[in-house]
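Colleague: Below is one structure. I have some questions about it.
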Amino acid sequence: MNTFITVAEEGSFRKAADVLYVSQPTVTVHIKSLEKELGVSLFERNNRFVKLTEEGRRFIKHARKMIDAHREGIEDMNSFGQGYRKKLRLAISPSIADTIMPTVLKGFLKSNPELEIDVEIMESKNIEEAVIQEEVDIGFSLLKSQDDQLNCVELYEDQIVFCVPHDGYDSESAPLSYPEEFLKHNYLLTHNYPGVWDTLHQKIKSRFPRTKTMKVSQVHITKRFIESGLGVSFLPKSTVRKELLEGRILEVPIPQIDLPQAHTFALTKYNHSLENDFISYVSNHQFK
């Protein structure tokens, strides 16, 4: 199967032999054996190249599935041989991955050394579909799922705060900070956190109509922009806790606006014990 796929991709028996580190006659034997078993010709041959026949184009999708299944089986047995007995596939929003999840994973794996975890960083808008299609076992999303196929558990609420660049003053000598001044002289970096910005953007524009905005799709980029003095933004406090403690970003009260809460959800398709144990561990983590 591997020889067949390689010949199809390279368009040449000779090139396939080079890729597979075998002789060209060996490639020919493999293809003839497969053609004999299937009872069809898989390639059209001439002096310059080979290309798939109609039967070959039909069969190659099955061949790739068989190769993938073989590879997955080998990987699974290798993991088993290394002491792993269970596997958990996670899809995690970038904001969650950048804040609480490293600590959570470290603690959970320490208590469950036989567990193998695969992590895929994925935007919240795509996580729901990944769970539905069973590409992952758990999705950690900033968006609540309304799909009846899924279990949706809210893990925690997070306070949204107004974040601005450090002004260079210490806490005793700093002048009073007025939010309208920051919004007047800086870009407002928006849409970095899903689920809150549609309503929040309207409130800000209504109260401060001259605010200039810039869409930035990632929280970690937003934080870098704030630190460099490019703009200001509204972010969940958990995502800027370290920057606030270190003084690289300042939190400014903005009583003119009723700020929303950000939410984090765990999405699963099945109520299996391993998934439930991990979600319970995450929910008991100290976020505040």
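Just so we're on the same page: first chain in the structure tokens is A, next is B, and so on; residues restart at 1 for each chain, and ligands are numbered from 1 in the order they show up.
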Using DSSP on the backbone coordinates, identify all residues within region 13-205 of chain A classified as alpha helix (DSSP H); present the result as a tab-separated table (two decimals) with N, CA, C and O atoms, in the first residue's frame.

Modeller:
```tsv
chain	number	residue	atom	x	y	z
A	13	PHE	N	8.13	5.26	-10.96
A	13	PHE	CA	8.62	4.12	-10.21
A	13	PHE	C	10.02	4.41	-9.65
A	13	PHE	O	10.35	4.03	-8.53
A	14	ARG	N	10.86	5.07	-10.47
A	14	ARG	CA	12.22	5.36	-10.05
A	14	ARG	C	12.25	6.30	-8.85
A	14	ARG	O	12.98	6.07	-7.87
A	15	LYS	N	11.46	7.39	-8.93
A	15	LYS	CA	11.41	8.34	-7.82
A	15	LYS	C	10.85	7.70	-6.56
A	15	LYS	O	11.31	7.97	-5.45
A	16	ALA	N	9.84	6.84	-6.74
A	16	ALA	CA	9.27	6.15	-5.58
A	16	ALA	C	10.31	5.25	-4.93
A	16	ALA	O	10.40	5.16	-3.69
A	17	ALA	N	11.13	4.58	-5.75
A	17	ALA	CA	12.18	3.72	-5.21
A	17	ALA	C	13.18	4.54	-4.39
A	17	ALA	O	13.64	4.10	-3.33
A	18	ASP	N	13.53	5.74	-4.88
A	18	ASP	CA	14.45	6.60	-4.14
A	18	ASP	C	13.85	7.02	-2.81
A	18	ASP	O	14.55	7.04	-1.78
A	19	VAL	N	12.58	7.39	-2.81
A	19	VAL	CA	11.91	7.83	-1.58
A	19	VAL	C	11.84	6.70	-0.56
A	19	VAL	O	12.03	6.90	0.64
A	20	LEU	N	11.57	5.47	-1.04
A	20	LEU	CA	11.37	4.32	-0.16
A	20	LEU	C	12.67	3.59	0.17
A	20	LEU	O	12.66	2.63	0.95
A	24	GLN	N	14.26	-0.22	-7.84
A	24	GLN	CA	13.12	-0.03	-8.73
A	24	GLN	C	12.42	-1.37	-9.03
A	24	GLN	O	11.17	-1.40	-9.08
A	25	PRO	N	13.15	-2.49	-9.25
A	25	PRO	CA	12.45	-3.77	-9.45
A	25	PRO	C	11.56	-4.15	-8.27
A	25	PRO	O	10.51	-4.75	-8.45
A	26	THR	N	11.98	-3.79	-7.04
A	26	THR	CA	11.14	-4.08	-5.87
A	26	THR	C	9.83	-3.31	-5.94
A	26	THR	O	8.75	-3.85	-5.63
A	27	VAL	N	9.89	-2.04	-6.36
A	27	VAL	CA	8.67	-1.25	-6.53
A	27	VAL	C	7.77	-1.91	-7.57
A	27	VAL	O	6.55	-2.05	-7.37
A	28	THR	N	8.35	-2.36	-8.67
A	28	THR	CA	7.57	-3.00	-9.73
A	28	THR	C	6.89	-4.26	-9.22
A	28	THR	O	5.70	-4.51	-9.49
A	29	VAL	N	7.60	-5.06	-8.43
A	29	VAL	CA	7.03	-6.29	-7.87
A	29	VAL	C	5.85	-5.96	-6.94
A	29	VAL	O	4.81	-6.61	-6.97
A	30	HIS	N	6.02	-4.93	-6.09
A	30	HIS	CA	4.94	-4.54	-5.17
A	30	HIS	C	3.68	-4.15	-5.94
A	30	HIS	O	2.57	-4.58	-5.59
A	31	ILE	N	3.85	-3.35	-6.97
A	31	ILE	CA	2.69	-2.87	-7.72
A	31	ILE	C	2.02	-4.02	-8.47
A	31	ILE	O	0.79	-4.15	-8.48
A	32	LYS	N	2.82	-4.88	-9.10
A	32	LYS	CA	2.25	-6.02	-9.82
A	32	LYS	C	1.50	-6.95	-8.88
A	32	LYS	O	0.44	-7.49	-9.23
A	33	SER	N	2.04	-7.17	-7.68
A	33	SER	CA	1.38	-8.03	-6.70
A	33	SER	C	0.03	-7.45	-6.29
A	33	SER	O	-0.98	-8.17	-6.16
A	34	LEU	N	0.01	-6.12	-6.07
A	34	LEU	CA	-1.23	-5.47	-5.67
A	34	LEU	C	-2.25	-5.51	-6.81
A	34	LEU	O	-3.44	-5.75	-6.58
A	35	GLU	N	-1.80	-5.25	-8.02
A	35	GLU	CA	-2.70	-5.30	-9.18
A	35	GLU	C	-3.27	-6.70	-9.37
A	35	GLU	O	-4.45	-6.86	-9.70
A	36	LYS	N	-2.44	-7.73	-9.13
A	36	LYS	CA	-2.91	-9.11	-9.26
A	36	LYS	C	-3.98	-9.42	-8.22
A	36	LYS	O	-5.00	-10.05	-8.51
A	37	GLU	N	-3.75	-8.95	-6.99
A	37	GLU	CA	-4.72	-9.19	-5.92
A	37	GLU	C	-6.05	-8.49	-6.19
A	37	GLU	O	-7.12	-9.04	-5.95
A	38	LEU	N	-5.98	-7.25	-6.73
A	38	LEU	CA	-7.19	-6.48	-6.99
A	38	LEU	C	-7.84	-6.84	-8.32
A	38	LEU	O	-9.03	-6.56	-8.52
A	54	GLU	N	-8.33	4.88	-13.84
A	54	GLU	CA	-9.59	5.18	-13.13
A	54	GLU	C	-9.73	4.30	-11.90
A	54	GLU	O	-10.15	4.75	-10.83
A	55	GLU	N	-9.33	3.02	-12.05
A	55	GLU	CA	-9.39	2.11	-10.91
A	55	GLU	C	-8.39	2.54	-9.83
A	55	GLU	O	-8.68	2.45	-8.63
A	56	GLY	N	-7.22	3.01	-10.27
A	56	GLY	CA	-6.22	3.47	-9.31
A	56	GLY	C	-6.68	4.67	-8.51
A	56	GLY	O	-6.47	4.76	-7.30
A	57	ARG	N	-7.34	5.63	-9.20
A	57	ARG	CA	-7.86	6.81	-8.49
A	57	ARG	C	-8.93	6.41	-7.49
A	57	ARG	O	-9.04	7.01	-6.41
A	58	ARG	N	-9.70	5.39	-7.82
A	58	ARG	CA	-10.75	4.94	-6.90
A	58	ARG	C	-10.17	4.23	-5.68
A	58	ARG	O	-10.64	4.39	-4.57
A	59	PHE	N	-9.09	3.45	-5.93
A	59	PHE	CA	-8.55	2.65	-4.85
A	59	PHE	C	-7.64	3.43	-3.90
A	59	PHE	O	-7.51	3.06	-2.73
A	60	ILE	N	-7.04	4.52	-4.37
A	60	ILE	CA	-6.03	5.18	-3.54
A	60	ILE	C	-6.61	5.74	-2.24
A	60	ILE	O	-5.94	5.77	-1.20
A	61	LYS	N	-7.88	6.14	-2.27
A	61	LYS	CA	-8.47	6.65	-1.02
A	61	LYS	C	-8.58	5.53	0.01
A	61	LYS	O	-8.40	5.76	1.22
A	62	HIS	N	-8.85	4.31	-0.45
A	62	HIS	CA	-8.90	3.17	0.48
A	62	HIS	C	-7.51	2.83	0.99
A	62	HIS	O	-7.33	2.51	2.17
A	63	ALA	N	-6.53	2.92	0.10
A	63	ALA	CA	-5.15	2.63	0.51
A	63	ALA	C	-4.68	3.60	1.58
A	63	ALA	O	-4.02	3.21	2.55
A	64	ARG	N	-5.02	4.88	1.41
A	64	ARG	CA	-4.60	5.88	2.41
A	64	ARG	C	-5.26	5.63	3.76
A	64	ARG	O	-4.63	5.81	4.81
A	65	LYS	N	-6.53	5.21	3.73
A	65	LYS	CA	-7.21	4.89	4.99
A	65	LYS	C	-6.54	3.72	5.69
A	65	LYS	O	-6.39	3.71	6.91
A	66	MET	N	-6.14	2.71	4.90
A	66	MET	CA	-5.49	1.55	5.49
A	66	MET	C	-4.13	1.91	6.08
A	66	MET	O	-3.76	1.44	7.17
A	67	ILE	N	-3.39	2.76	5.39
A	67	ILE	CA	-2.09	3.21	5.91
A	67	ILE	C	-2.28	4.01	7.21
A	67	ILE	O	-1.55	3.84	8.18
A	68	ASP	N	-3.31	4.89	7.22
A	68	ASP	CA	-3.58	5.67	8.43
A	68	ASP	C	-3.96	4.77	9.60
A	68	ASP	O	-3.51	4.98	10.73
A	69	ALA	N	-4.80	3.76	9.32
A	69	ALA	CA	-5.21	2.84	10.38
A	69	ALA	C	-4.01	2.05	10.91
A	69	ALA	O	-3.87	1.84	12.12
A	70	HIS	N	-3.12	1.64	10.00
A	70	HIS	CA	-1.91	0.92	10.40
A	70	HIS	C	-1.02	1.81	11.27
A	70	HIS	O	-0.52	1.38	12.32
A	71	ARG	N	-0.86	3.08	10.86
A	71	ARG	CA	-0.02	4.01	11.63
A	71	ARG	C	-0.62	4.27	13.01
A	71	ARG	O	0.11	4.29	14.02
A	72	GLU	N	-1.93	4.46	13.07
A	72	GLU	CA	-2.58	4.69	14.36
A	72	GLU	C	-2.42	3.49	15.28
A	72	GLU	O	-2.23	3.63	16.49
A	73	GLY	N	-2.52	2.29	14.70
A	73	GLY	CA	-2.35	1.08	15.50
A	73	GLY	C	-0.95	0.98	16.08
A	73	GLY	O	-0.77	0.64	17.26
A	74	ILE	N	0.07	1.29	15.26
A	74	ILE	CA	1.44	1.26	15.73
A	74	ILE	C	1.66	2.30	16.83
A	74	ILE	O	2.28	2.01	17.87
A	75	GLU	N	1.13	3.51	16.63
A	75	GLU	CA	1.29	4.57	17.64
A	75	GLU	C	0.61	4.18	18.95
A	75	GLU	O	1.14	4.42	20.04
A	76	ASP	N	-0.57	3.56	18.83
A	76	ASP	CA	-1.29	3.16	20.03
A	76	ASP	C	-0.52	2.09	20.80
A	76	ASP	O	-0.41	2.15	22.04
A	77	MET	N	0.03	1.12	20.09
A	77	MET	CA	0.79	0.07	20.76
A	77	MET	C	2.10	0.62	21.34
A	77	MET	O	2.54	0.17	22.40
A	78	ASN	N	2.71	1.57	20.66
A	78	ASN	CA	3.91	2.20	21.21
A	78	ASN	C	3.59	2.93	22.51
A	78	ASN	O	4.35	2.87	23.48
A	79	SER	N	2.46	3.65	22.51
A	79	SER	CA	2.04	4.36	23.72
A	79	SER	C	1.78	3.37	24.85
A	79	SER	O	2.16	3.59	26.00
A	80	PHE	N	1.13	2.26	24.51
A	80	PHE	CA	0.83	1.23	25.51
A	80	PHE	C	2.12	0.67	26.08
A	80	PHE	O	2.27	0.47	27.28
A	81	GLY	N	3.10	0.43	25.19
A	81	GLY	CA	4.37	-0.10	25.63
A	81	GLY	C	5.16	0.85	26.50
A	81	GLY	O	5.99	0.44	27.31
A	94	PRO	N	-7.06	29.51	22.64
A	94	PRO	CA	-5.75	30.11	22.91
A	94	PRO	C	-5.68	30.85	24.24
A	94	PRO	O	-4.65	30.78	24.93
A	95	SER	N	-6.74	31.55	24.60
A	95	SER	CA	-6.72	32.30	25.86
A	95	SER	C	-6.62	31.39	27.07
A	95	SER	O	-5.92	31.70	28.04
A	96	ILE	N	-7.31	30.25	27.02
A	96	ILE	CA	-7.25	29.30	28.13
A	96	ILE	C	-5.88	28.62	28.17
A	96	ILE	O	-5.29	28.42	29.22
A	97	ALA	N	-5.38	28.28	26.98
A	97	ALA	CA	-4.07	27.62	26.89
A	97	ALA	C	-2.96	28.52	27.41
A	97	ALA	O	-1.94	28.04	27.92
A	101	MET	N	-4.36	26.57	31.75
A	101	MET	CA	-4.25	25.18	31.34
A	101	MET	C	-2.87	24.55	31.58
A	101	MET	O	-2.80	23.38	31.94
A	102	PRO	N	-1.75	25.26	31.38
A	102	PRO	CA	-0.47	24.59	31.67
A	102	PRO	C	-0.36	24.08	33.10
A	102	PRO	O	0.09	22.95	33.33
A	103	THR	N	-0.81	24.88	34.06
A	103	THR	CA	-0.77	24.45	35.46
A	103	THR	C	-1.70	23.28	35.71
A	103	THR	O	-1.37	22.33	36.42
A	104	VAL	N	-2.90	23.35	35.10
A	104	VAL	CA	-3.88	22.28	35.26
A	104	VAL	C	-3.33	20.97	34.70
A	104	VAL	O	-3.40	19.91	35.33
A	105	LEU	N	-2.79	21.01	33.50
A	105	LEU	CA	-2.27	19.80	32.86
A	105	LEU	C	-1.12	19.20	33.66
A	105	LEU	O	-1.04	17.97	33.83
A	106	LYS	N	-0.24	20.04	34.14
A	106	LYS	CA	0.90	19.56	34.92
A	106	LYS	C	0.43	18.80	36.16
A	106	LYS	O	0.92	17.71	36.47
A	107	GLY	N	-0.54	19.37	36.86
A	107	GLY	CA	-1.05	18.73	38.07
A	107	GLY	C	-1.79	17.44	37.78
A	107	GLY	O	-1.63	16.43	38.48
A	108	PHE	N	-2.61	17.43	36.73
A	108	PHE	CA	-3.40	16.24	36.41
A	108	PHE	C	-2.52	15.10	35.93
A	108	PHE	O	-2.73	13.93	36.30
A	109	LEU	N	-1.52	15.41	35.11
A	109	LEU	CA	-0.63	14.37	34.61
A	109	LEU	C	0.24	13.79	35.72
A	109	LEU	O	0.60	12.61	35.69
A	110	LYS	N	0.58	14.62	36.69
A	110	LYS	CA	1.36	14.12	37.83
A	110	LYS	C	0.57	13.08	38.61
A	110	LYS	O	1.14	12.09	39.11
A	111	SER	N	-0.74	13.28	38.69
A	111	SER	CA	-1.60	12.33	39.41
A	111	SER	C	-2.03	11.16	38.54
A	111	SER	O	-2.54	10.17	39.06
A	124	SER	N	-12.37	29.26	19.65
A	124	SER	CA	-13.60	28.81	20.29
A	124	SER	C	-14.71	28.51	19.28
A	124	SER	O	-15.48	27.56	19.44
A	125	LYS	N	-14.78	29.30	18.21
A	125	LYS	CA	-15.84	29.11	17.22
A	125	LYS	C	-15.73	27.77	16.49
A	125	LYS	O	-16.71	27.29	15.91
A	126	ASN	N	-14.56	27.12	16.54
A	126	ASN	CA	-14.36	25.84	15.86
A	126	ASN	C	-14.38	24.65	16.80
A	126	ASN	O	-14.43	23.50	16.35
A	127	ILE	N	-14.34	24.91	18.09
A	127	ILE	CA	-14.22	23.82	19.07
A	127	ILE	C	-15.47	22.97	19.11
A	127	ILE	O	-15.41	21.73	19.17
A	128	GLU	N	-16.63	23.59	19.07
A	128	GLU	CA	-17.88	22.83	19.14
A	128	GLU	C	-17.96	21.76	18.05
A	128	GLU	O	-18.29	20.60	18.32
A	129	GLU	N	-17.64	22.14	16.81
A	129	GLU	CA	-17.71	21.19	15.70
A	129	GLU	C	-16.68	20.07	15.86
A	129	GLU	O	-16.94	18.91	15.51
A	130	ALA	N	-15.51	20.39	16.41
A	130	ALA	CA	-14.48	19.38	16.63
A	130	ALA	C	-14.95	18.32	17.62
A	130	ALA	O	-14.67	17.13	17.47
A	131	VAL	N	-15.70	18.76	18.64
A	131	VAL	CA	-16.23	17.81	19.62
A	131	VAL	C	-17.35	16.97	18.99
A	131	VAL	O	-17.42	15.76	19.18
A	132	ILE	N	-18.22	17.61	18.23
A	132	ILE	CA	-19.32	16.90	17.57
A	132	ILE	C	-18.77	15.82	16.63
A	132	ILE	O	-19.27	14.69	16.58
A	179	PRO	N	-10.42	57.09	32.28
A	179	PRO	CA	-10.55	56.17	31.14
A	179	PRO	C	-10.78	56.89	29.82
A	179	PRO	O	-10.30	56.44	28.78
A	180	GLU	N	-11.51	58.02	29.85
A	180	GLU	CA	-11.78	58.73	28.60
A	180	GLU	C	-10.50	59.25	27.96
A	180	GLU	O	-10.39	59.35	26.73
A	181	GLU	N	-9.48	59.57	28.78
A	181	GLU	CA	-8.22	60.04	28.23
A	181	GLU	C	-7.48	58.91	27.50
A	181	GLU	O	-6.89	59.11	26.45
A	182	PHE	N	-7.51	57.72	28.08
A	182	PHE	CA	-6.88	56.57	27.43
A	182	PHE	C	-7.58	56.23	26.12
A	182	PHE	O	-6.93	55.91	25.12
A	183	LEU	N	-8.91	56.30	26.11
A	183	LEU	CA	-9.66	55.98	24.90
A	183	LEU	C	-9.50	57.07	23.84
A	183	LEU	O	-9.60	56.80	22.65
A	184	LYS	N	-9.24	58.29	24.28
A	184	LYS	CA	-9.07	59.39	23.35
A	184	LYS	C	-7.72	59.32	22.63
A	184	LYS	O	-7.62	59.64	21.44
A	185	HIS	N	-6.69	58.87	23.33
A	185	HIS	CA	-5.33	58.95	22.78
A	185	HIS	C	-4.78	57.59	22.34
A	185	HIS	O	-3.63	57.52	21.90
A	197	TRP	N	-17.70	40.92	22.99
A	197	TRP	CA	-17.38	42.16	22.31
A	197	TRP	C	-18.53	42.81	21.55
A	197	TRP	O	-18.53	44.04	21.39
A	198	ASP	N	-19.49	42.06	21.08
A	198	ASP	CA	-20.57	42.69	20.31
A	198	ASP	C	-21.32	43.72	21.16
A	198	ASP	O	-21.51	44.87	20.76
A	199	THR	N	-21.72	43.30	22.35
A	199	THR	CA	-22.43	44.21	23.25
A	199	THR	C	-21.50	45.27	23.83
A	199	THR	O	-21.84	46.46	23.90
A	200	LEU	N	-20.30	44.87	24.24
A	200	LEU	CA	-19.35	45.79	24.85
A	200	LEU	C	-18.94	46.88	23.87
A	200	LEU	O	-18.85	48.07	24.25
A	201	HIS	N	-18.73	46.53	22.62
A	201	HIS	CA	-18.33	47.51	21.61
A	201	HIS	C	-19.40	48.59	21.45
A	201	HIS	O	-19.10	49.79	21.34
A	202	GLN	N	-20.65	48.18	21.46
A	202	GLN	CA	-21.76	49.13	21.33
A	202	GLN	C	-21.80	50.09	22.52
A	202	GLN	O	-22.02	51.29	22.37
A	203	LYS	N	-21.59	49.57	23.72
A	203	LYS	CA	-21.59	50.40	24.92
A	203	LYS	C	-20.48	51.45	24.86
A	203	LYS	O	-20.69	52.63	25.20
A	204	ILE	N	-19.29	51.02	24.45
A	204	ILE	CA	-18.16	51.94	24.40
A	204	ILE	C	-18.38	53.03	23.36
A	204	ILE	O	-18.15	54.22	23.61
A	205	LYS	N	-18.86	52.65	22.19
A	205	LYS	CA	-19.10	53.61	21.12
A	205	LYS	C	-20.21	54.59	21.50
A	205	LYS	O	-20.16	55.78	21.13
```

Colleague: Write down as an NGL selection string the residues belonging to region 27-180 of chain A that are assigned strand (DSSP E or B) by DSSP computed on the backbone.

Modeller: :A and (43-45 or 50-52 or 86-92 or 115-121 or 138-141 or 151-165)

Colleague: Work out how far CA of Val153 (chain A) is from CA of Arg89 (chain A), in Å to one decimal.

Modeller: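 Separation between CA of Arg89 (chain A) and CA of Val153 (chain A): 17.4 Å.
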
Colleague: Excluding same-chain residues fewer than 4 positions from region 139-152 of chain A, what lies within 12 Å of it counting only C-alpha atoms, as a ChimeraX atom specification?

Modeller: /A:88-97,100-101,118-135,156-158,192-196,236,261-272,275-276,278-279,282-283

Colleague: How many Å separate CA of Leu115 (chain A) from CA of Lys87 (chain A)?

Modeller: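 One can read the CA of Leu115 (chain A) to CA of Lys87 (chain A) distance as 5.6 Å.
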
Colleague: Just want the 10 Å neighbourhood of Ile254 (chain A), counted on only C-alpha atoms, with same-chain residues fewer than 5 positions away dropped. Output as a PyMOL selection string.

Modeller: chain A and resi 161-162+177-180+259

Colleague: One number please: CA of Glu154 (chain A) to CA of Lys215 (chain A), in Å, one decimal.

Modeller: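 Going from CA of Glu154 (chain A) over to CA of Lys215 (chain A) covers 26.9 Å.
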
Colleague: Near Lys242 (chain A), within 12 Å and counting only C-alpha atoms, which residues show up once chain neighbours fewer than 6 positions away are dropped, as a list of chain:residue names?

Modeller: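 Near Lys242 (chain A), the qualifying residues are A:Asp98, A:Thr99, A:Ile100, A:Lys223, A:Arg248, A:Ile249, A:Leu250.
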
Colleague: Output the selection as a short mmCIF file (atom, residue, chain, number, x, y, z; two decimals), in the first residue's frame - N, CA, C and O atoms for each residue.

Modeller:
```
data_model
loop_
_atom_site.label_atom_id
_atom_site.label_comp_id
_atom_site.auth_asym_id
_atom_site.auth_seq_id
_atom_site.Cartn_x
_atom_site.Cartn_y
_atom_site.Cartn_z
N ASP A 98 -3.14 29.82 27.28
CA ASP A 98 -2.11 30.79 27.66
C ASP A 98 -2.17 31.18 29.13
O ASP A 98 -1.29 31.86 29.63
N THR A 99 -3.21 30.70 29.84
CA THR A 99 -3.36 31.12 31.23
C THR A 99 -3.36 29.93 32.18
O THR A 99 -2.32 29.55 32.71
N ILE A 100 -4.52 29.30 32.39
CA ILE A 100 -4.63 28.31 33.46
C ILE A 100 -4.26 26.89 33.04
O ILE A 100 -3.90 26.07 33.87
N LYS A 223 -2.20 41.80 24.43
CA LYS A 223 -1.38 42.17 25.59
C LYS A 223 -0.04 42.78 25.16
O LYS A 223 0.41 43.76 25.75
N ARG A 248 3.41 45.57 34.10
CA ARG A 248 3.58 45.82 32.66
C ARG A 248 2.29 46.34 32.02
O ARG A 248 2.32 46.96 30.97
N ILE A 249 1.17 46.06 32.65
CA ILE A 249 -0.14 46.56 32.23
C ILE A 249 -0.84 47.08 33.47
O ILE A 249 -0.69 46.52 34.56
N LEU A 250 -1.60 48.15 33.31
CA LEU A 250 -2.35 48.72 34.42
C LEU A 250 -3.85 48.48 34.23
O LEU A 250 -4.34 48.50 33.09
#
```

Colleague: Using only C-alpha atoms, can you tell me which of A:Thr53, A:Ser206, A:Thr3, A:Thr239 comes closest to Val40 (chain A)?

Modeller: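 Looking at the shortest contact to Val40 (chain A), the residue is A:Thr53.
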